[in-house]
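K.L.:
I have a structure I would like to understand better, so I am pasting it below and will then ask my questions one at a time.
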Amino acid sequence: MDFTYSDEQKLIRETAREFAEGEILPQVKENDRAERFDRELARKLGEIGFLGAPVAEEYGGRGLDYVSYGLIAEEIGRADSSARTVVSVVTSLVAGPIEKWGSEEQKQRWLPRLCSGEGLGCFGLTEPDTGSDAANLRTRATKTDGGWSISGQKMWISLGNHSEVALIFAQTDPEKQHRGLAAFLVPTKSEGFSSQEIHGKMGLHGSDTAELTLDSVRVDDDALMGEVGDGFKIAMSALDSGRYSVAAGCVGICQGSLDASVAYAKQREQFGRPLASFQLVQDKLSRMVGEITAMQLLCLRLSELAGDERLTPGMASLAKYSPSSRFSGSPRASMYNFRLAAASGVITAMLVTDSMFMIDLLSQRTDGKAHASGGQTVDRAAGSAFAWAETRGAVPTGERHLWCEGRQCDFGMPVSLIDGIRRFS
Ligand SMILES: Cc1cc2nc3c(=O)[nH]c(=O)nc-3n(C[C@H](O)[C@H](O)[C@H](O)COP(=O)(O)OP(=O)(O)OC[C@H]3O[C@@H](n4cnc5c(N)ncnc54)[C@H](O)[C@@H]3O)c2cc1C
């Protein structure tokens, strides 16, 4: 494998960094504090070609390779994980599946709008009672004359309040379990379709999260993507690509954390010297560089596999697992950041690495516990982050909620960011 970026890839990276610094960073704190989804930013992401970047040009994409897609996710993630969520969801979870599994008509109808950012799309798999066990969806699709009637609820759906199309996974025949699942491209203006905002997340505040309700939503036959029974493999292949982009986004978060740590270590003085002049601090920064480099190499390997359509669910999970936890990229890099910043780290870390920290907390909550099950949809990321935390006494073994003591959050579990930070620092 060639580890050198091509001139085009370097240019894409530079463009993405410039875009992130010019268009994302100035608003990121305000959007985050206000829990505001920046629809205009999503449009700009489309205009510059960062939504659906690997999609073929004839459908409005840029026809880029997976290395380039990863670099975009990395640079956008470095500035703001909420903005990176838009890139990942639209590209990997909606446009990608449509390009791979959709009919020509579906591609023509949806892809140009998704890639340009004029219309957003969301991925409706998770339900209030069904997460990792995706084969057991309760949303039902019933055949009608010339179409389908879909009823059910979807939970934690990113971009769900701002999308014009929802890729909805529904069961057509419960006895067939995962073989009965089907994927539908449902226009969100359909009668019976409604969405509700979910607020109070621990992080990713600028990312739109929705609960969707489908009350006998009628769609025509041409809304079905692929065949009845293809739903499960469509969902799984989309998640593989999504995990890759999340992994790349985590690399960006860690890079952002490193950049902030270096800047702080150079600027802050103790005992008449900048922090950066102390060997112990240099050691911490060097370790961050090492871990980030390892993450980047893993993502490069993943991009090669994805480009050749050889990305397996195991490898995709590894991709998300390693950058976000095993190398302890997010937690460890952020914790170095916290430690370097000491008392002000609580604030600094929240400003600089908030998203990273939150992603870890969220993924531990949402995906980590399922790690033990070894289920197919499991993101191993989080389970291992817990293990990592446990080895450091941050979370008593088996008491996975304990590090989030404090106020009640939307997950119905107690949460306190400050507590979490204190435990780690
Ligand atoms: C910010 C955010 C954005 C999201 N965006 C989307 C999106 O766009 N689209 C979408 O479809 N989903 C989305 N999700 C949902 C996410 O993908 C799910 O959280 C994930 O699939 C896990 O589901 P769950 O959280 O319901 O937990 P589950 O996996 O259902 O786990 C629930 C509980 O059951 C336990 N458990 C699960 N399996 C086993 C087992 N085999 N043995 C023992 N215990 C088990 C777990 O430990 C946990 O305690 C998002 C979530 C978040 C937080």
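Letters A, B, ... go to the chains of the structure tokens in the order shown; residues in each chain start at 1; ligands are counted from 1 in the same order.
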Residues within 12 Å of Asp65 in chain A, please, as a PyMOL selection string. Count only C-alpha atoms; anything in the same chain fewer than 6 positions from it doesn't count.
P.N.:
chain A and resi 5-6+8-9+12+52-56+71-72+300+302-309
K.L.:
Please return as a PyMOL selection string: the residues of range 42-204 of chain A that backbone DSSP assigns to strand (DSSP E).
P.N.:
chain A and resi 120-124+140-144+147-158+163-171+181-187+193-197
K.L.:
Next, dump the selected residues to file, keeping only C-alpha atoms, as a PDB file, in the first residue's frame.
P.N.:
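Once everything was written out, this is out.pdb:
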ATOM      1  CA  LEU A 120     -30.806  16.059   3.437  1.00  0.00           C
ATOM      2  CA  GLY A 121     -31.440  12.402   4.128  1.00  0.00           C
ATOM      3  CA  CYS A 122     -31.589  10.333   7.277  1.00  0.00           C
ATOM      4  CA  PHE A 123     -31.122   6.676   8.129  1.00  0.00           C
ATOM      5  CA  GLY A 124     -33.957   5.155  10.130  1.00  0.00           C
ATOM      6  CA  ARG A 140     -44.037  -2.869   9.977  1.00  0.00           C
ATOM      7  CA  ALA A 141     -44.418  -2.514   6.234  1.00  0.00           C
ATOM      8  CA  THR A 142     -47.680  -3.979   4.953  1.00  0.00           C
ATOM      9  CA  LYS A 143     -48.279  -4.558   1.272  1.00  0.00           C
ATOM     10  CA  THR A 144     -51.156  -2.584  -0.204  1.00  0.00           C
ATOM     11  CA  GLY A 147     -47.519   0.219  -2.591  1.00  0.00           C
ATOM     12  CA  TRP A 148     -46.836  -0.192   1.097  1.00  0.00           C
ATOM     13  CA  SER A 149     -48.192   1.083   4.373  1.00  0.00           C
ATOM     14  CA  ILE A 150     -45.492   1.667   6.994  1.00  0.00           C
ATOM     15  CA  SER A 151     -46.100   2.120  10.710  1.00  0.00           C
ATOM     16  CA  GLY A 152     -43.644   2.357  13.562  1.00  0.00           C
ATOM     17  CA  GLN A 153     -41.235   4.519  15.486  1.00  0.00           C
ATOM     18  CA  LYS A 154     -37.587   5.322  14.971  1.00  0.00           C
ATOM     19  CA  MET A 155     -35.287   6.702  17.640  1.00  0.00           C
ATOM     20  CA  TRP A 156     -31.988   8.617  17.719  1.00  0.00           C
ATOM     21  CA  ILE A 157     -32.171   9.432  14.037  1.00  0.00           C
ATOM     22  CA  SER A 158     -29.524  11.940  13.005  1.00  0.00           C
ATOM     23  CA  SER A 163     -34.366  15.551   6.008  1.00  0.00           C
ATOM     24  CA  GLU A 164     -36.542  15.361   2.942  1.00  0.00           C
ATOM     25  CA  VAL A 165     -36.030  11.637   2.556  1.00  0.00           C
ATOM     26  CA  ALA A 166     -35.744   8.952   5.203  1.00  0.00           C
ATOM     27  CA  LEU A 167     -34.259   5.553   4.501  1.00  0.00           C
ATOM     28  CA  ILE A 168     -36.601   3.508   6.646  1.00  0.00           C
ATOM     29  CA  PHE A 169     -36.027  -0.111   7.552  1.00  0.00           C
ATOM     30  CA  ALA A 170     -39.173  -2.102   8.268  1.00  0.00           C
ATOM     31  CA  GLN A 171     -40.267  -5.674   8.792  1.00  0.00           C
ATOM     32  CA  LEU A 181     -36.611  -6.663   6.398  1.00  0.00           C
ATOM     33  CA  ALA A 182     -37.032  -4.151   3.615  1.00  0.00           C
ATOM     34  CA  ALA A 183     -35.618  -0.670   3.002  1.00  0.00           C
ATOM     35  CA  PHE A 184     -37.860   2.168   1.841  1.00  0.00           C
ATOM     36  CA  LEU A 185     -37.047   5.668   0.645  1.00  0.00           C
ATOM     37  CA  VAL A 186     -39.800   7.592   2.367  1.00  0.00           C
ATOM     38  CA  PRO A 187     -40.364  11.289   1.566  1.00  0.00           C
ATOM     39  CA  PHE A 193     -44.757  10.955   8.893  1.00  0.00           C
ATOM     40  CA  SER A 194     -43.672  13.173  11.766  1.00  0.00           C
ATOM     41  CA  SER A 195     -40.484  13.953  13.642  1.00  0.00           C
ATOM     42  CA  GLN A 196     -39.636  15.270  17.057  1.00  0.00           C
ATOM     43  CA  GLU A 197     -36.375  16.828  18.196  1.00  0.00           C
TER      44      GLU A 197
END
K.L.:
For Thr188 in chain A, which residue out of A:Gly119, A:Ser245, A:Thr126, A:Asp221 is the nearest one, using only C-alpha atoms?
P.N.:
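Looking at the shortest contact to Thr188 in chain A, the residue is A:Gly119.
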K.L.:
Write down as an MDAnalysis selection string the residues of range 76-247 of chain A whose backbone DSSP state falls under alpha helix (DSSP H).
P.N.:
chainID A and resid 76:79 81:88 96:101 104:116 231:247
K.L.:
Counting only C-alpha atoms and all ligand atoms, which residue out of A:Ile48, A:Ile98, A:Ala20, A:Leu239 sits closest to ligand 1?
P.N.:
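Counting only C-alpha atoms and all ligand atoms, the residue closest to ligand 1 is A:Leu239.
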K.L.:
Rank nothing, just name the residue among A:Ile292, A:Leu137, A:Val281, A:Leu214 nearest to ligand 1, using only C-alpha atoms and all ligand atoms.
P.N.:
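Going through A:Ile292, A:Leu137, A:Val281, A:Leu214 one by one, the smallest distance to ligand 1 is for A:Leu137.
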K.L.:
Mind pulling up the distance from CA of Pro313 in chain A to CA of Ser237 in chain A?
P.N.:
7.7 Å
K.L.:
In terms of the shortest atom-to-atom distance over only C-alpha atoms and all ligand atoms, which of A:Ser81, A:Thr209, A:Thr172, A:Ser317 is closest to ligand 1?
P.N.:
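Among the listed residues, A:Thr209 lies closest to ligand 1.
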K.L.:
Counting only C-alpha atoms and all ligand atoms, which residue out of A:Glu118, A:Asp283, A:Glu58, A:Glu211 sits closest to ligand 1?
P.N.:
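The closest residue to ligand 1 is A:Glu211.
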K.L.:
With distances taken over only C-alpha atoms and all ligand atoms, which of A:Gly203, A:Gly290, A:Gly77, A:Gly70 is nearest to ligand 1?
P.N.:
A:Gly203
K.L.:
CA of Ala83 in chain A and CA of Glu30 in chain A are how many Å apart?
P.N.:
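Atom-to-atom, CA of Ala83 in chain A to CA of Glu30 in chain A, that is 13.4 Å.
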K.L.:
Excluding Arg33 in chain A and any residue of its chain fewer than 5 positions from it, enumerate the residues within 9 Å of it, using only C-alpha atoms, and give them as a PDB file with N, CA and C atoms, in the first residue's frame.
P.N.:
ATOM      1  N   VAL A  28     -18.950  27.167  15.785  1.00  0.00           N
ATOM      2  CA  VAL A  28     -19.120  25.868  16.427  1.00  0.00           C
ATOM      3  C   VAL A  28     -19.552  25.966  17.892  1.00  0.00           C
ATOM      4  N   HIS A 205     -24.017  18.445  20.355  1.00  0.00           N
ATOM      5  CA  HIS A 205     -25.185  19.307  20.525  1.00  0.00           C
ATOM      6  C   HIS A 205     -25.632  19.957  19.229  1.00  0.00           C
ATOM      7  N   GLY A 206     -24.681  20.179  18.341  1.00  0.00           N
ATOM      8  CA  GLY A 206     -25.052  20.827  17.082  1.00  0.00           C
ATOM      9  C   GLY A 206     -25.566  19.845  16.053  1.00  0.00           C
TER      10      GLY A 206
END
